[in-house]
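J.: Starting off with a structure, shown below.
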Amino acid sequence: MSIELDKLPYSSNALEPFISERTMSIHHDRHHKAYVDKLNKLIEGSGYADLTLEEIIVRARLKKDADVFNNAAQAWNHDFFWKSMSPKGGTPDGRIKEMVESEFGSIDAFEEQFRDAATGQFGSGWVWLVLEQGKLRIMSSSNADTPAGTDLVPILTLDVWEHAYYLDYQNERKKFAETFLEHLINWNFANEKLEGAEGRKAA
Ligand code: FE2
């Protein structure tokens, strides 16, 4: 069994003018694909070969198998990032809106914290909205690191590697993060993740 590179959940020009088709194509068809291809080479014929992507992440983390972990985590993170955005992104509603407002004080306060986490992340990495023991929290992770396969429930993520924004925003990561927050977040996806986590807890 090999790990598949899923297609983008929308066309590569669907996030224009906020993220260009060129950025999306290079990011998905080259960067994301490279992680999946490398991972498949690494796991072929190994004890990882029959595991799901999330199981690979868990085992590689435990075994400190850095090459497998980094490529598996990057494959997972990118897939989650594409789903965290939508051409119809923008305004939160439903359960996630209520929780963000009650836990961060307001949507504006949430956006400010998320943006600061994006600009404060030194070098490459990711910014996450996660659920930790029923509470929302913003966190960042370095390089490939991921909350996938831990006790944290990922709700949304933003890729802050330069390859995610350099062609469109050059060095202005802050502007990229603000654009993500204002126009691109797929709040329906966030609501699904939240409902999934709360459903699991109740079950
Ligand atoms: Fe990326």
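By convention in this document, the chains of the structure tokens carry letters A, B, ... by their order, each chain's residues are numbered from 1, and ligands are numbered from 1 in the order they are shown.
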Write down as a list of chain:residue names the residues belonging to segment 22-203 of chain A that are assigned strand (DSSP E) by DSSP computed on the backbone.
T.: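 The strand (DSSP E) residues within segment 22-203 of chain A come out as A:Gly125, A:Trp126, A:Val127, A:Trp128, A:Leu129, A:Val130, A:Leu131, A:Glu132, A:Lys135, A:Leu136, A:Arg137, A:Ile138, A:Met139, A:Ser140, A:Ser141, A:Ser142, A:Val153, A:Pro154, A:Ile155, A:Leu156, A:Thr157, A:Leu158, A:Asp159.
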J.: Give me the residues within 8 Å of segment 77-86 of chain A as a ChimeraX atom specification, counting only C-alpha atoms and dropping any in the same chain fewer than 5 places off.
T.: /A:6,8-10,15,32,144,146,156-159,180,184-187,189-190
J.: Kindly provide the residues of chain A that approach ligand 1 to within 8 Å, each paired with its closest atom pair and their distance in Å to one decimal, based on only C-alpha atoms and all ligand atoms, listed by chain and increasing number, as a tab-separated table.
T.:
residue	atom	partner	partner_atom_place_in_ligand_line	distance
A:His27	CA	ligand 1	1 (Fe)	6.1
A:His28	CA	ligand 1	1 (Fe)	7.9
A:His31	CA	ligand 1	1 (Fe)	6.5
A:His32	CA	ligand 1	1 (Fe)	6.7
A:Gln74	CA	ligand 1	1 (Fe)	7.6
A:His78	CA	ligand 1	1 (Fe)	6.1
A:Asp159	CA	ligand 1	1 (Fe)	5.6
A:Val160	CA	ligand 1	1 (Fe)	7.3
A:Trp161	CA	ligand 1	1 (Fe)	5.7
A:Glu162	CA	ligand 1	1 (Fe)	7.9
A:His163	CA	ligand 1	1 (Fe)	6.0
A:Ala164	CA	ligand 1	1 (Fe)	5.3
J.: With only C-alpha atoms as the basis for distance, which of A:Asp67, A:Glu192, A:Asp116, A:Asp37 is at the shortest distance from Gly94 of chain A?
T.: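 Answer, going by the shortest atom-to-atom distance: A:Glu192.
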J.: Check the smallest atom-to-atom distance from each of A:Leu181, A:Leu5, A:Ala109, A:Met99 to Asp29 of chain A using only C-alpha atoms, then report the winner.
T.: A:Leu5
J.: When distances are computed from only C-alpha atoms, which of A:Thr23, A:Gln170, A:Tyr48, A:Ala66 shows the smallest separation from Asn143 of chain A?
T.: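 Under the stated criterion, the closest residue is A:Ala66.
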J.: When you look at Arg173 of chain A with a cut-off of 8 Å (counting only C-alpha atoms), what residues show up, excluding the ones that are within fewer than 3 positions of it in the same chain? I need them as number ranges by chain.
T.: A: 118-119, 160, 165, 169-170, 176-177
J.: Restricting the output to N, CA and C atoms, write the selected residues as a PDB file, in the first residue's frame.
T.:
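What ended up in result36.pdb:
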ATOM      1  N   ALA A 118       1.972  33.401  13.470  1.00  0.00           N
ATOM      2  CA  ALA A 118       2.539  33.218  12.113  1.00  0.00           C
ATOM      3  C   ALA A 118       3.804  34.047  11.936  1.00  0.00           C
ATOM      4  N   THR A 119       3.765  35.284  12.378  1.00  0.00           N
ATOM      5  CA  THR A 119       4.946  36.140  12.188  1.00  0.00           C
ATOM      6  C   THR A 119       6.038  35.778  13.201  1.00  0.00           C
ATOM      7  N   VAL A 160       3.421  28.218   6.947  1.00  0.00           N
ATOM      8  CA  VAL A 160       4.235  29.442   6.912  1.00  0.00           C
ATOM      9  C   VAL A 160       5.653  29.174   6.392  1.00  0.00           C
ATOM     10  N   TYR A 165       4.139  31.233   0.237  1.00  0.00           N
ATOM     11  CA  TYR A 165       3.713  32.612  -0.045  1.00  0.00           C
ATOM     12  C   TYR A 165       4.706  33.467  -0.816  1.00  0.00           C
ATOM     13  N   TYR A 169       3.720  37.020  -2.083  1.00  0.00           N
ATOM     14  CA  TYR A 169       3.863  38.022  -1.008  1.00  0.00           C
ATOM     15  C   TYR A 169       5.320  38.343  -0.677  1.00  0.00           C
ATOM     16  N   GLN A 170       6.270  37.733  -1.398  1.00  0.00           N
ATOM     17  CA  GLN A 170       7.697  37.851  -1.103  1.00  0.00           C
ATOM     18  C   GLN A 170       7.929  37.618   0.394  1.00  0.00           C
ATOM     19  N   PHE A 176       0.391  37.726   4.232  1.00  0.00           N
ATOM     20  CA  PHE A 176      -0.131  36.402   3.835  1.00  0.00           C
ATOM     21  C   PHE A 176      -1.046  35.844   4.935  1.00  0.00           C
ATOM     22  N   ALA A 177      -0.598  35.945   6.175  1.00  0.00           N
ATOM     23  CA  ALA A 177      -1.402  35.437   7.302  1.00  0.00           C
ATOM     24  C   ALA A 177      -2.703  36.228   7.415  1.00  0.00           C
TER      25      ALA A 177
END
J.: What does the distance between atom CA of Val68 of chain A and atom CA of Ile43 of chain A come to in Å, to one decimal place?
T.: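 According to the coordinates, atom CA of Val68 of chain A and atom CA of Ile43 of chain A are separated by 7.5 Å.
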J.: Using only C-alpha atoms, which of the listed residues (A:Glu112, A:Gly196, A:Ala73, A:Ile107) sits closest to Gly149 of chain A?
T.: A:Ala73
J.: Output as a ChimeraX atom specification all residues of segment 18-151 of chain A that backbone DSSP marks as alpha helix (DSSP H).
T.: /A:21-25,33-43,53-63,66-83,94-104,107-120
J.: Given the choices A:Met1, A:Ile19, A:Ile138, A:Ala117, which gets closest to Thr179 of chain A if the distance is worked out from only C-alpha atoms?
T.: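 Among A:Met1, A:Ile19, A:Ile138, A:Ala117, it is A:Ile19 that comes nearest to Thr179 of chain A.
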J.: From the set A:Ser20, A:Ser2, A:Asn191, A:Ser106, which residue has the shortest atom-to-atom contact distance to Asp168 of chain A, counting only C-alpha atoms?
T.: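 So, comparing all the options, the nearest one is A:Ser20.
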J.: Any idea what's packed within 12 Å of Phe104 of chain A, counting only C-alpha atoms, ignoring anything in its chain fewer than 2 positions away? Could you give it as a ChimeraX atom specification?
T.: /A:96-102,106-114,129,135-138
